[in-house]
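*Asks:* Contents are TSV, C-alpha atoms; file name data.tsv:
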chain	number	residue	atom	x	y	z
A	1	MET	CA	-8.01	-13.72	-10.02
A	2	LEU	CA	-6.44	-10.85	-11.93
A	3	ILE	CA	-3.78	-8.59	-10.37
A	4	ALA	CA	-2.21	-5.98	-12.64
A	5	GLY	CA	0.50	-3.81	-11.13
A	6	PHE	CA	2.75	-1.07	-12.44
A	7	PRO	CA	5.27	1.40	-10.95
A	8	ALA	CA	4.23	5.02	-11.29
A	9	GLY	CA	5.68	8.48	-10.96
A	10	ALA	CA	8.83	9.99	-9.56
A	11	TRP	CA	9.08	7.43	-6.75
A	12	GLY	CA	8.23	4.30	-8.74
A	13	THR	CA	5.33	3.51	-6.42
A	14	ASN	CA	3.51	0.29	-7.24
A	15	CYS	CA	-0.18	0.73	-8.07
A	16	TYR	CA	-2.29	-2.42	-8.23
A	17	VAL	CA	-5.62	-3.17	-9.91
A	18	VAL	CA	-7.30	-6.30	-8.53
A	19	ALA	CA	-10.32	-8.14	-9.91
A	20	PRO	CA	-11.84	-11.63	-9.84
A	21	ALA	CA	-11.22	-11.81	-13.61
A	22	ALA	CA	-11.08	-9.70	-16.76
A	23	GLY	CA	-14.35	-7.97	-17.61
A	24	GLU	CA	-15.47	-7.64	-13.99
A	25	GLU	CA	-15.45	-5.12	-11.16
A	26	CYS	CA	-12.12	-4.22	-9.58
A	27	VAL	CA	-10.34	-2.47	-6.70
A	28	ILE	CA	-7.48	0.00	-7.18
A	29	ILE	CA	-4.71	0.02	-4.57
A	30	ASP	CA	-2.46	3.06	-4.07
A	31	PRO	CA	-2.89	5.23	-7.18
A	32	GLY	CA	0.09	7.48	-6.54
A	33	HIS	CA	2.04	10.12	-8.41
A	34	GLN	CA	1.26	10.08	-12.15
A	35	ALA	CA	-0.70	6.82	-11.81
A	36	ALA	CA	-4.00	7.97	-13.33
A	37	GLN	CA	-3.09	7.17	-16.94
A	38	GLY	CA	-1.70	3.77	-15.99
A	39	VAL	CA	-4.92	3.01	-14.14
A	40	GLU	CA	-7.03	3.97	-17.15
A	41	ASP	CA	-4.86	1.90	-19.49
A	42	THR	CA	-5.19	-1.13	-17.19
A	43	LEU	CA	-8.95	-0.75	-16.87
A	44	ARG	CA	-9.34	-0.51	-20.64
A	45	LYS	CA	-7.01	-3.44	-21.36
A	46	HIS	CA	-8.86	-5.79	-18.99
A	47	ARG	CA	-12.36	-4.27	-19.40
A	48	LEU	CA	-12.65	-3.53	-15.68
A	49	LYS	CA	-15.05	-1.37	-13.67
A	50	PRO	CA	-13.66	0.14	-10.43
A	51	VAL	CA	-15.76	0.05	-7.27
A	52	ALA	CA	-13.23	1.48	-4.78
A	53	VAL	CA	-9.75	2.82	-4.18
A	54	VAL	CA	-7.98	1.49	-1.08
A	55	LEU	CA	-4.83	3.06	0.36
A	56	THR	CA	-2.04	1.48	2.39
A	57	HIS	CA	-1.06	4.89	3.80
A	58	GLY	CA	-1.26	8.59	3.12
A	59	HIS	CA	2.13	9.59	1.68
A	60	ILE	CA	1.81	11.57	-1.53
A	61	ASP	CA	3.61	8.93	-3.59
A	62	HIS	CA	0.70	6.57	-2.80
A	63	VAL	CA	-2.28	8.95	-2.94
A	64	ALA	CA	-1.45	11.66	-5.51
A	65	SER	CA	-3.91	10.31	-8.10
A	66	VAL	CA	-6.74	9.48	-5.71
A	67	VAL	CA	-8.83	12.56	-6.54
A	68	PRO	CA	-8.77	12.16	-10.34
A	69	VAL	CA	-9.22	8.37	-10.23
A	70	CYS	CA	-12.11	8.48	-7.75
A	71	GLY	CA	-13.67	11.40	-9.58
A	72	ALA	CA	-13.47	9.76	-12.97
A	73	HIS	CA	-15.27	6.63	-11.76
A	74	ASP	CA	-17.39	8.01	-8.89
A	75	VAL	CA	-15.95	5.58	-6.33
A	76	PRO	CA	-14.95	5.97	-2.66
A	77	ALA	CA	-11.44	5.96	-1.23
A	78	TRP	CA	-10.61	3.98	1.89
A	79	ILE	CA	-7.81	5.13	4.25
A	80	HIS	CA	-6.91	4.79	7.93
A	81	PRO	CA	-8.10	7.84	9.92
A	82	GLU	CA	-4.61	8.61	11.24
A	83	ASP	CA	-3.34	9.18	7.69
A	84	ARG	CA	-6.39	10.90	6.25
A	85	TYR	CA	-4.98	14.42	6.76
A	86	MET	CA	-2.11	13.63	4.38
A	87	MET	CA	-4.36	13.77	1.33
A	88	SER	CA	-4.98	17.47	1.96
A	89	ASP	CA	-1.61	18.37	3.52
A	90	PRO	CA	1.15	16.24	1.95
A	91	GLU	CA	3.98	18.57	2.96
A	92	LYS	CA	3.08	18.27	6.65
A	93	ALA	CA	3.24	14.51	6.30
A	94	LEU	CA	6.81	14.73	5.01
A	95	GLY	CA	8.07	17.41	7.37
A	96	ARG	CA	9.40	19.40	4.40
A	97	SER	CA	8.40	20.88	1.07
A	98	ILE	CA	8.26	18.32	-1.72
A	99	GLY	CA	9.10	20.96	-4.33
A	100	MET	CA	7.07	23.42	-6.35
A	101	PRO	CA	7.55	21.78	-9.77
A	102	LEU	CA	6.23	18.47	-8.45
A	103	MET	CA	3.46	20.12	-6.44
A	104	GLY	CA	2.27	21.79	-9.62
A	105	GLU	CA	1.40	18.38	-11.08
A	106	LEU	CA	-0.72	17.24	-8.14
A	107	THR	CA	-4.40	17.52	-7.30
A	108	ILE	CA	-4.31	18.04	-3.54
A	109	GLY	CA	-7.33	17.21	-1.41
A	110	GLU	CA	-9.84	14.47	-0.68
A	111	PRO	CA	-12.20	12.78	-3.10
A	112	ASP	CA	-15.91	13.30	-2.49
A	113	ASP	CA	-16.37	10.00	-0.65
A	114	VAL	CA	-13.74	8.98	1.94
A	115	ARG	CA	-14.25	5.94	4.18
A	116	GLU	CA	-12.06	4.96	7.10
A	117	LEU	CA	-10.27	1.64	7.62
A	118	THR	CA	-10.00	-0.12	10.98
A	119	ASP	CA	-7.70	-2.85	12.21
A	120	GLY	CA	-9.06	-6.34	11.57
A	121	ALA	CA	-11.86	-5.13	9.30
A	122	GLY	CA	-12.99	-7.35	6.48
A	123	LEU	CA	-13.69	-5.55	3.22
A	124	LYS	CA	-15.74	-7.26	0.55
A	125	LEU	CA	-15.25	-5.25	-2.61
A	126	ALA	CA	-15.74	-6.30	-6.24
A	127	GLY	CA	-16.43	-9.84	-5.04
A	128	LEU	CA	-13.01	-9.96	-3.35
A	129	ASP	CA	-12.19	-10.36	0.33
A	130	PHE	CA	-9.56	-8.15	1.95
A	131	THR	CA	-8.54	-8.28	5.61
A	132	VAL	CA	-7.15	-5.01	6.95
A	133	ALA	CA	-4.28	-4.93	9.46
A	134	HIS	CA	-3.21	-1.67	11.05
A	135	ALA	CA	0.61	-1.66	10.75
A	136	PRO	CA	2.12	1.61	12.05
A	137	GLY	CA	5.82	2.30	11.77
A	138	HIS	CA	6.20	3.92	8.36
A	139	THR	CA	3.26	6.20	9.21
A	140	LYS	CA	0.78	6.19	12.08
A	141	GLY	CA	-2.02	5.07	9.78
A	142	SER	CA	-0.23	2.49	7.65
A	143	VAL	CA	-2.27	-0.62	6.88
A	144	THR	CA	-1.87	-3.82	4.91
A	145	PHE	CA	-4.42	-5.83	2.95
A	146	ARG	CA	-4.44	-9.63	2.96
A	147	MET	CA	-6.38	-11.84	0.57
A	148	PRO	CA	-6.98	-15.52	1.39
A	149	GLU	CA	-5.78	-18.50	-0.60
A	150	GLN	CA	-8.11	-19.28	-3.49
A	151	ALA	CA	-8.11	-22.64	-5.27
A	152	ASP	CA	-4.56	-22.91	-6.64
A	153	ILE	CA	-3.72	-19.27	-5.91
A	154	PRO	CA	-1.63	-18.67	-2.77
A	155	PRO	CA	-2.56	-15.95	-0.26
A	156	VAL	CA	-1.70	-12.41	-1.36
A	157	PHE	CA	-0.42	-9.68	0.96
A	158	PHE	CA	-0.39	-6.02	-0.09
A	159	SER	CA	2.23	-4.73	2.32
A	160	GLY	CA	2.42	-1.06	1.35
A	161	ASP	CA	5.64	0.38	2.77
A	162	LEU	CA	5.80	-2.03	5.70
A	163	LEU	CA	7.74	-4.85	4.03
A	164	PHE	CA	9.78	-4.90	0.82
A	165	ALA	CA	11.90	-7.52	-0.89
A	166	GLY	CA	15.04	-7.43	1.26
A	167	SER	CA	14.08	-4.38	3.29
A	168	ILE	CA	11.39	-2.39	5.12
A	169	GLY	CA	9.91	1.10	4.94
A	170	ARG	CA	11.75	4.12	6.30
A	171	THR	CA	10.76	5.43	9.73
A	172	ASP	CA	12.44	8.85	9.81
A	173	LEU	CA	9.52	10.94	8.52
A	174	PRO	CA	6.78	12.48	10.72
A	175	GLY	CA	4.71	9.71	12.31
A	176	GLY	CA	7.39	7.10	11.68
A	177	SER	CA	8.67	4.88	14.49
A	178	HIS	CA	11.30	2.16	14.30
A	179	ALA	CA	9.90	0.48	17.43
A	180	GLU	CA	6.37	0.45	15.95
A	181	MET	CA	7.75	-0.86	12.67
A	182	LEU	CA	9.34	-3.83	14.43
A	183	GLU	CA	6.12	-4.52	16.33
A	184	SER	CA	4.11	-4.41	13.11
A	185	LEU	CA	6.53	-6.75	11.36
A	186	ALA	CA	6.22	-9.23	14.24
A	187	ARG	CA	2.44	-8.97	14.61
A	188	VAL	CA	1.37	-8.64	10.97
A	189	CYS	CA	4.03	-10.37	8.85
A	190	LEU	CA	5.51	-13.21	10.89
A	191	PRO	CA	2.21	-15.14	11.34
A	192	LEU	CA	1.65	-15.32	7.57
A	193	ASP	CA	2.25	-18.56	5.71
A	194	ASP	CA	5.55	-18.83	3.83
A	195	SER	CA	3.67	-19.23	0.54
A	196	THR	CA	2.06	-15.80	0.89
A	197	VAL	CA	2.90	-13.57	-2.08
A	198	VAL	CA	4.03	-10.10	-0.97
A	199	LEU	CA	3.11	-7.21	-3.27
A	200	SER	CA	4.72	-4.13	-1.78
A	201	GLY	CA	4.60	-0.40	-2.36
A	202	HIS	CA	7.99	-0.33	-4.09
A	203	GLY	CA	10.15	-2.89	-5.86
A	204	PRO	CA	9.56	-6.48	-6.97
A	205	GLN	CA	7.21	-9.06	-5.51
A	206	THR	CA	8.49	-11.58	-3.02
A	207	THR	CA	7.11	-14.15	-0.56
A	208	ILE	CA	6.92	-14.27	3.20
A	209	GLY	CA	9.06	-17.41	3.15
A	210	ARG	CA	11.80	-15.69	1.18
A	211	GLU	CA	11.73	-12.64	3.45
A	212	ARG	CA	11.67	-14.78	6.59
A	213	ALA	CA	14.87	-16.44	5.36
A	214	THR	CA	16.74	-13.47	3.90
A	215	ASN	CA	15.33	-10.10	5.03
A	216	PRO	CA	17.65	-8.85	7.81
A	217	TYR	CA	14.89	-6.98	9.61
A	218	LEU	CA	12.36	-9.82	9.54
A	219	ARG	CA	15.03	-12.33	10.55
A	220	GLU	CA	16.01	-10.31	13.60
A	221	VAL	CA	12.38	-9.75	14.59
A	222	ALA	CA	11.74	-13.49	14.25
A	223	ALA	CA	14.74	-14.19	16.43
A	224	GLY	CA	13.39	-11.85	19.09
A	225	LEU	CA	16.30	-9.44	18.72
A	226	ALA	CA	16.33	-5.67	18.45
A	227	ALA	CA	16.75	-5.21	14.72
A	228	ASP	CA	19.66	-3.04	13.65
A	229	PRO	CA	18.19	0.04	11.88
A	230	THR	CA	21.22	0.09	9.55
A	231	ALA	CA	20.95	-3.57	8.54
A	232	ALA	CA	19.82	-2.76	4.98
A	233	PRO	CA	18.74	0.30	3.02
A	234	ARG	CA	15.14	1.21	3.66
A	235	ARG	CA	12.71	2.44	1.04
A	236	GLY	CA	9.59	4.50	0.56
A	237	MET	CA	9.14	8.25	0.49
Would you write out, as structure tokens, the structure that this file holds?
*Replies:*
Amino acid sequence: MLIAGFPAGAWGTNCYVVAPAAGEECVIIDPGHQAAQGVEDTLRKHRLKPVAVVLTHGHIDHVASVVPVCGAHDVPAWIHPEDRYMMSDPEKALGRSIGMPLMGELTIGEPDDVRELTDGAGLKLAGLDFTVAHAPGHTKGSVTFRMPEQADIPPVFFSGDLLFAGSIGRTDLPGGSHAEMLESLARVCLPLDDSTVVLSGHGPQTTIGRERATNPYLREVAAGLAADPTAAPRRGM
């Protein structure tokens, strides 16, 4: 399996391109602010053909390049219905203006083909299997994507802005909820095997085992305690 990731734009949002191997079809995850060129460079380098864009949530730092990427390759975008409005109204999603200079660089709106994700759905795209888990807390429509273990490759978990190395996503923007975040961490993350590789929306990769042992939020959730919202800095837009 091939997973190529790179941080893009003003918020350093991780965009991932996933394929069974070089020269095959692929899926693009979270093409955010200023990610379009990085996507094209990755596709060219590995000779890949996109079949879909999938989105962990609707914040502009994760979806800003959806329209140009989908348009360039005539592929659909998948998003949870509760976050779909954010593609057309990013300022409402943030509860504030994100700034005219930045807005001037964005293509606001939906691609021609938008498909909606549901909790527990299995997506088979580009010969790859993704299991969707609805994981509200950062936004109402946040989701994660899990890929099963393959041969000598451990399971892979695209956590979006639910779980980061050493932290979790912020919950103080419209649609955010600390209580829902804790419930999602307990329901979605804790059952995963320690070997699961976590590829998040921001920052470096980690593993569930490492986060179970060191992440203050996941540790407190695992212990059945009410996690302290000031335990560690939280990330995401």
*Asks:* Kindly provide the residues of segment 5-52 of chain A that approach segment 142-158 of chain A to within 12 Å, each paired with its closest atom pair and their distance in Å to one decimal, based on only C-alpha atoms, listed by chain and increasing number, as a Markdown table.
*Replies:*
| residue | atom | partner | partner_atom | distance |
| --- | --- | --- | --- | --- |
| A:Gly5 | CA | A:Phe158 | CA | 11.3 |
| A:Asn14 | CA | A:Phe158 | CA | 10.3 |
| A:Cys15 | CA | A:Phe158 | CA | 10.5 |
| A:Tyr16 | CA | A:Phe158 | CA | 9.1 |
| A:Val17 | CA | A:Phe158 | CA | 11.5 |
| A:Val18 | CA | A:Met147 | CA | 10.7 |
| A:Ala19 | CA | A:Met147 | CA | 11.8 |
| A:Pro20 | CA | A:Gln150 | CA | 10.6 |
| A:Val27 | CA | A:Phe145 | CA | 11.8 |
| A:Ile28 | CA | A:Phe158 | CA | 11.7 |
| A:Ile29 | CA | A:Phe158 | CA | 8.7 |
| A:Asp30 | CA | A:Phe158 | CA | 10.1 |
*Asks:* Could the residues in this selection be written to a file with C-alpha atoms, as a PDB file, in the frame of the given file?
*Replies:*
ATOM      1  CA  GLY A   5       0.500  -3.810 -11.130  1.00  0.00           C
ATOM      2  CA  ASN A  14       3.510   0.290  -7.240  1.00  0.00           C
ATOM      3  CA  CYS A  15      -0.180   0.730  -8.070  1.00  0.00           C
ATOM      4  CA  TYR A  16      -2.290  -2.420  -8.230  1.00  0.00           C
ATOM      5  CA  VAL A  17      -5.620  -3.170  -9.910  1.00  0.00           C
ATOM      6  CA  VAL A  18      -7.300  -6.300  -8.530  1.00  0.00           C
ATOM      7  CA  ALA A  19     -10.320  -8.140  -9.910  1.00  0.00           C
ATOM      8  CA  PRO A  20     -11.840 -11.630  -9.840  1.00  0.00           C
ATOM      9  CA  VAL A  27     -10.340  -2.470  -6.700  1.00  0.00           C
ATOM     10  CA  ILE A  28      -7.480   0.000  -7.180  1.00  0.00           C
ATOM     11  CA  ILE A  29      -4.710   0.020  -4.570  1.00  0.00           C
ATOM     12  CA  ASP A  30      -2.460   3.060  -4.070  1.00  0.00           C
TER      13      ASP A  30
END
*Asks:* To box segment 112-118 of chain A, take all atoms listed in the file, fit an axis-aligned box, add 5 Å on each side, and give centre and edge lengths in Å to one decimal, as lines of an AutoDock Vina configuration file.
*Replies:*
center_x = -13.2
center_y = 6.6
center_z = 4.2
size_x = 16.4
size_y = 23.4
size_z = 23.5
*Asks:* To one decimal place, how far is atom CA of Gly23 of chain A from atom CA of Leu43 of chain A in Å?
*Replies:* 9.0 Å
*Asks:* Let me make sure I understand: among A:Gly32, A:Gly9, A:Pro50, A:Gly224, which one has the smallest atom-to-atom distance to Ala126 of chain A if we use all atoms listed in the file?
*Replies:* A:Pro50
*Asks:* Report as a Markdown table: every residue of segment 46-134 of chain A with an atom at most 10 Å from segment 191-202 of chain A, its closest pair of atoms, and their distance in Å to one decimal, counting all atoms listed in the file, with rows sorted by chain and ascending residue number.
*Replies:*
| residue | atom | partner | partner_atom | distance |
| --- | --- | --- | --- | --- |
| A:Thr56 | CA | A:Gly201 | CA | 8.4 |
| A:His57 | CA | A:Gly201 | CA | 9.9 |
| A:Asp61 | CA | A:Gly201 | CA | 9.5 |
| A:His62 | CA | A:Gly201 | CA | 8.0 |
*Asks:* Go through A:Ser184, A:Gly160, A:Ala22, A:Met87 one by one, measure the shortest atom-to-atom distance of each to His134 of chain A using all atoms listed in the file, and give the residue with the smallest value.
*Replies:*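 Among A:Ser184, A:Gly160, A:Ala22, A:Met87, it is A:Ser184 that comes nearest to His134 of chain A.
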*Asks:* Mind giving me the straight-line distance from atom CA of Ile208 of chain A to atom CA of Met181 of chain A in Å, one decimal?
*Replies:*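 Atom CA of Ile208 of chain A sits 16.4 Å away from atom CA of Met181 of chain A.
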*Asks:* Which value, in Å to one decimal, gives the distance between atom CA of Met1 of chain A and atom CA of Leu125 of chain A?
*Replies:* 13.4 Å
*Asks:* I need the residue nearest Val63 of chain A from this list: A:Thr131, A:Asn215, A:Thr13, A:Ser167. Use all atoms listed in the file for the distance.
*Replies:* A:Thr13
*Asks:* So, counting only C-alpha atoms, which residue among A:Arg84, A:His73, A:His33, A:Arg210 is closest to Leu55 of chain A?
*Replies:*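 With only C-alpha atoms as the atom set, the closest residue is A:Arg84.
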*Asks:* Can you tell me, as a list of chain:residue names, what residues are no more than 8 Å from Gly166 of chain A when counting all atoms listed in the file, ignoring any on the same chain fewer than 4 positions away?
*Replies:*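 Listed by chain and then number, they are A:Glu211, A:Thr214, A:Asn215, A:Pro216, A:Ala232.
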*Asks:* Rank A:Gly209, A:Gly109, A:Pro7, A:Pro31 by their smallest atom-to-atom distance to Val54 of chain A, using all atoms listed in the file, and report the top residue only.
*Replies:*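 Under the stated criterion, the closest residue is A:Pro31.
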*Asks:* Tell me which protein, DNA and RNA residues are within 7 Å of Thr171 of chain A, counting all atoms listed in the file, leaving out same-chain ones fewer than 3 positions away, and put them as a list in words.
*Replies:* Gly137, His138, Gly176, Ser177 and His178 of chain A
*Asks:* So which one's closest to Ser65 of chain A, A:Thr206, A:Gln34, A:Thr42, A:Ser88? Using only C-alpha atoms, please.
*Replies:*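 Of the candidates, the smallest distance to Ser65 of chain A is held by A:Gln34.
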*Asks:* Can you take segment 180-192 of chain A from the block and write all heavy atoms as a PDB file, in the first residue's frame?
*Replies:*
ATOM      1  N   GLU A 180     -19.078  15.425  23.616  1.00  0.00           N
ATOM      2  CA  GLU A 180     -19.134  14.540  22.453  1.00  0.00           C
ATOM      3  C   GLU A 180     -17.740  14.092  22.041  1.00  0.00           C
ATOM      4  O   GLU A 180     -17.558  12.953  21.588  1.00  0.00           O
ATOM      5  CB  GLU A 180     -19.826  15.249  21.287  1.00  0.00           C
ATOM      6  CG  GLU A 180     -21.319  15.411  21.474  1.00  0.00           C
ATOM      7  CD  GLU A 180     -22.000  15.988  20.246  1.00  0.00           C
ATOM      8  OE1 GLU A 180     -21.364  16.774  19.511  1.00  0.00           O
ATOM      9  OE2 GLU A 180     -23.177  15.645  20.031  1.00  0.00           O
ATOM     10  N   MET A 181     -16.760  14.961  22.197  1.00  0.00           N
ATOM     11  CA  MET A 181     -15.386  14.583  21.887  1.00  0.00           C
ATOM     12  C   MET A 181     -14.933  13.413  22.759  1.00  0.00           C
ATOM     13  O   MET A 181     -14.356  12.432  22.267  1.00  0.00           O
ATOM     14  CB  MET A 181     -14.454  15.775  22.075  1.00  0.00           C
ATOM     15  CG  MET A 181     -12.982  15.472  21.846  1.00  0.00           C
ATOM     16  SD  MET A 181     -12.579  15.103  20.124  1.00  0.00           S
ATOM     17  CE  MET A 181     -12.475  16.760  19.438  1.00  0.00           C
ATOM     18  N   LEU A 182     -15.214  13.490  24.051  1.00  0.00           N
ATOM     19  CA  LEU A 182     -14.826  12.405  24.952  1.00  0.00           C
ATOM     20  C   LEU A 182     -15.536  11.107  24.590  1.00  0.00           C
ATOM     21  O   LEU A 182     -14.938  10.025  24.613  1.00  0.00           O
ATOM     22  CB  LEU A 182     -15.137  12.791  26.399  1.00  0.00           C
ATOM     23  CG  LEU A 182     -14.415  14.030  26.957  1.00  0.00           C
ATOM     24  CD1 LEU A 182     -14.774  14.211  28.426  1.00  0.00           C
ATOM     25  CD2 LEU A 182     -12.908  13.929  26.768  1.00  0.00           C
ATOM     26  N   GLU A 183     -16.825  11.218  24.245  1.00  0.00           N
ATOM     27  CA  GLU A 183     -17.574  10.020  23.864  1.00  0.00           C
ATOM     28  C   GLU A 183     -17.010   9.409  22.592  1.00  0.00           C
ATOM     29  O   GLU A 183     -16.882   8.181  22.476  1.00  0.00           O
ATOM     30  CB  GLU A 183     -19.052  10.381  23.684  1.00  0.00           C
ATOM     31  CG  GLU A 183     -19.987   9.183  23.544  1.00  0.00           C
ATOM     32  CD  GLU A 183     -20.026   8.610  22.137  1.00  0.00           C
ATOM     33  OE1 GLU A 183     -19.780   9.364  21.160  1.00  0.00           O
ATOM     34  OE2 GLU A 183     -20.287   7.391  21.997  1.00  0.00           O
ATOM     35  N   SER A 184     -16.637  10.256  21.633  1.00  0.00           N
ATOM     36  CA  SER A 184     -16.057   9.747  20.389  1.00  0.00           C
ATOM     37  C   SER A 184     -14.703   9.092  20.627  1.00  0.00           C
ATOM     38  O   SER A 184     -14.394   8.046  20.042  1.00  0.00           O
ATOM     39  CB  SER A 184     -15.916  10.882  19.366  1.00  0.00           C
ATOM     40  OG  SER A 184     -17.184  11.340  18.936  1.00  0.00           O
ATOM     41  N   LEU A 185     -13.884   9.698  21.478  1.00  0.00           N
ATOM     42  CA  LEU A 185     -12.595   9.095  21.814  1.00  0.00           C
ATOM     43  C   LEU A 185     -12.790   7.712  22.411  1.00  0.00           C
ATOM     44  O   LEU A 185     -12.081   6.756  22.068  1.00  0.00           O
ATOM     45  CB  LEU A 185     -11.833   9.981  22.789  1.00  0.00           C
ATOM     46  CG  LEU A 185     -11.285  11.303  22.247  1.00  0.00           C
ATOM     47  CD1 LEU A 185     -10.802  12.181  23.392  1.00  0.00           C
ATOM     48  CD2 LEU A 185     -10.158  11.068  21.248  1.00  0.00           C
ATOM     49  N   ALA A 186     -13.756   7.592  23.320  1.00  0.00           N
ATOM     50  CA  ALA A 186     -14.004   6.305  23.984  1.00  0.00           C
ATOM     51  C   ALA A 186     -14.561   5.270  23.009  1.00  0.00           C
ATOM     52  O   ALA A 186     -14.133   4.107  23.001  1.00  0.00           O
ATOM     53  CB  ALA A 186     -14.963   6.504  25.156  1.00  0.00           C
ATOM     54  N   ARG A 187     -15.503   5.683  22.175  1.00  0.00           N
ATOM     55  CA  ARG A 187     -16.198   4.743  21.289  1.00  0.00           C
ATOM     56  C   ARG A 187     -15.383   4.389  20.056  1.00  0.00           C
ATOM     57  O   ARG A 187     -15.387   3.236  19.607  1.00  0.00           O
ATOM     58  CB  ARG A 187     -17.542   5.351  20.875  1.00  0.00           C
ATOM     59  CG  ARG A 187     -18.329   4.539  19.854  1.00  0.00           C
ATOM     60  CD  ARG A 187     -19.672   5.176  19.564  1.00  0.00           C
ATOM     61  NE  ARG A 187     -19.536   6.588  19.245  1.00  0.00           N
ATOM     62  CZ  ARG A 187     -19.230   7.055  18.023  1.00  0.00           C
ATOM     63  NH1 ARG A 187     -19.023   6.210  17.007  1.00  0.00           N
ATOM     64  NH2 ARG A 187     -19.141   8.360  17.810  1.00  0.00           N
ATOM     65  N   VAL A 188     -14.668   5.370  19.493  1.00  0.00           N
ATOM     66  CA  VAL A 188     -13.990   5.160  18.215  1.00  0.00           C
ATOM     67  C   VAL A 188     -12.529   4.769  18.391  1.00  0.00           C
ATOM     68  O   VAL A 188     -12.033   3.883  17.691  1.00  0.00           O
ATOM     69  CB  VAL A 188     -14.109   6.430  17.339  1.00  0.00           C
ATOM     70  CG1 VAL A 188     -13.348   6.260  16.035  1.00  0.00           C
ATOM     71  CG2 VAL A 188     -15.568   6.759  17.061  1.00  0.00           C
ATOM     72  N   CYS A 189     -11.825   5.423  19.314  1.00  0.00           N
ATOM     73  CA  CYS A 189     -10.372   5.221  19.424  1.00  0.00           C
ATOM     74  C   CYS A 189      -9.983   4.083  20.364  1.00  0.00           C
ATOM     75  O   CYS A 189      -9.104   3.280  20.035  1.00  0.00           O
ATOM     76  CB  CYS A 189      -9.694   6.508  19.881  1.00  0.00           C
ATOM     77  SG  CYS A 189      -9.878   7.882  18.725  1.00  0.00           S
ATOM     78  N   LEU A 190     -10.585   4.034  21.536  1.00  0.00           N
ATOM     79  CA  LEU A 190     -10.131   3.062  22.541  1.00  0.00           C
ATOM     80  C   LEU A 190     -10.226   1.604  22.081  1.00  0.00           C
ATOM     81  O   LEU A 190      -9.353   0.802  22.449  1.00  0.00           O
ATOM     82  CB  LEU A 190     -10.898   3.251  23.840  1.00  0.00           C
ATOM     83  CG  LEU A 190     -10.519   4.483  24.676  1.00  0.00           C
ATOM     84  CD1 LEU A 190     -11.325   4.508  25.967  1.00  0.00           C
ATOM     85  CD2 LEU A 190      -9.019   4.512  24.977  1.00  0.00           C
ATOM     86  N   PRO A 191     -11.228   1.200  21.284  1.00  0.00           N
ATOM     87  CA  PRO A 191     -11.280  -0.205  20.863  1.00  0.00           C
ATOM     88  C   PRO A 191     -10.214  -0.605  19.849  1.00  0.00           C
ATOM     89  O   PRO A 191     -10.026  -1.802  19.597  1.00  0.00           O
ATOM     90  CB  PRO A 191     -12.679  -0.333  20.247  1.00  0.00           C
ATOM     91  CG  PRO A 191     -13.467   0.799  20.796  1.00  0.00           C
ATOM     92  CD  PRO A 191     -12.473   1.912  20.936  1.00  0.00           C
ATOM     93  N   LEU A 192      -9.504   0.350  19.266  1.00  0.00           N
ATOM     94  CA  LEU A 192      -8.532   0.024  18.233  1.00  0.00           C
ATOM     95  C   LEU A 192      -7.300  -0.648  18.822  1.00  0.00           C
ATOM     96  O   LEU A 192      -6.905  -0.377  19.955  1.00  0.00           O
ATOM     97  CB  LEU A 192      -8.114   1.298  17.481  1.00  0.00           C
ATOM     98  CG  LEU A 192      -9.229   2.047  16.756  1.00  0.00           C
ATOM     99  CD1 LEU A 192      -8.673   3.316  16.124  1.00  0.00           C
ATOM    100  CD2 LEU A 192      -9.892   1.163  15.706  1.00  0.00           C
TER     101      LEU A 192
END
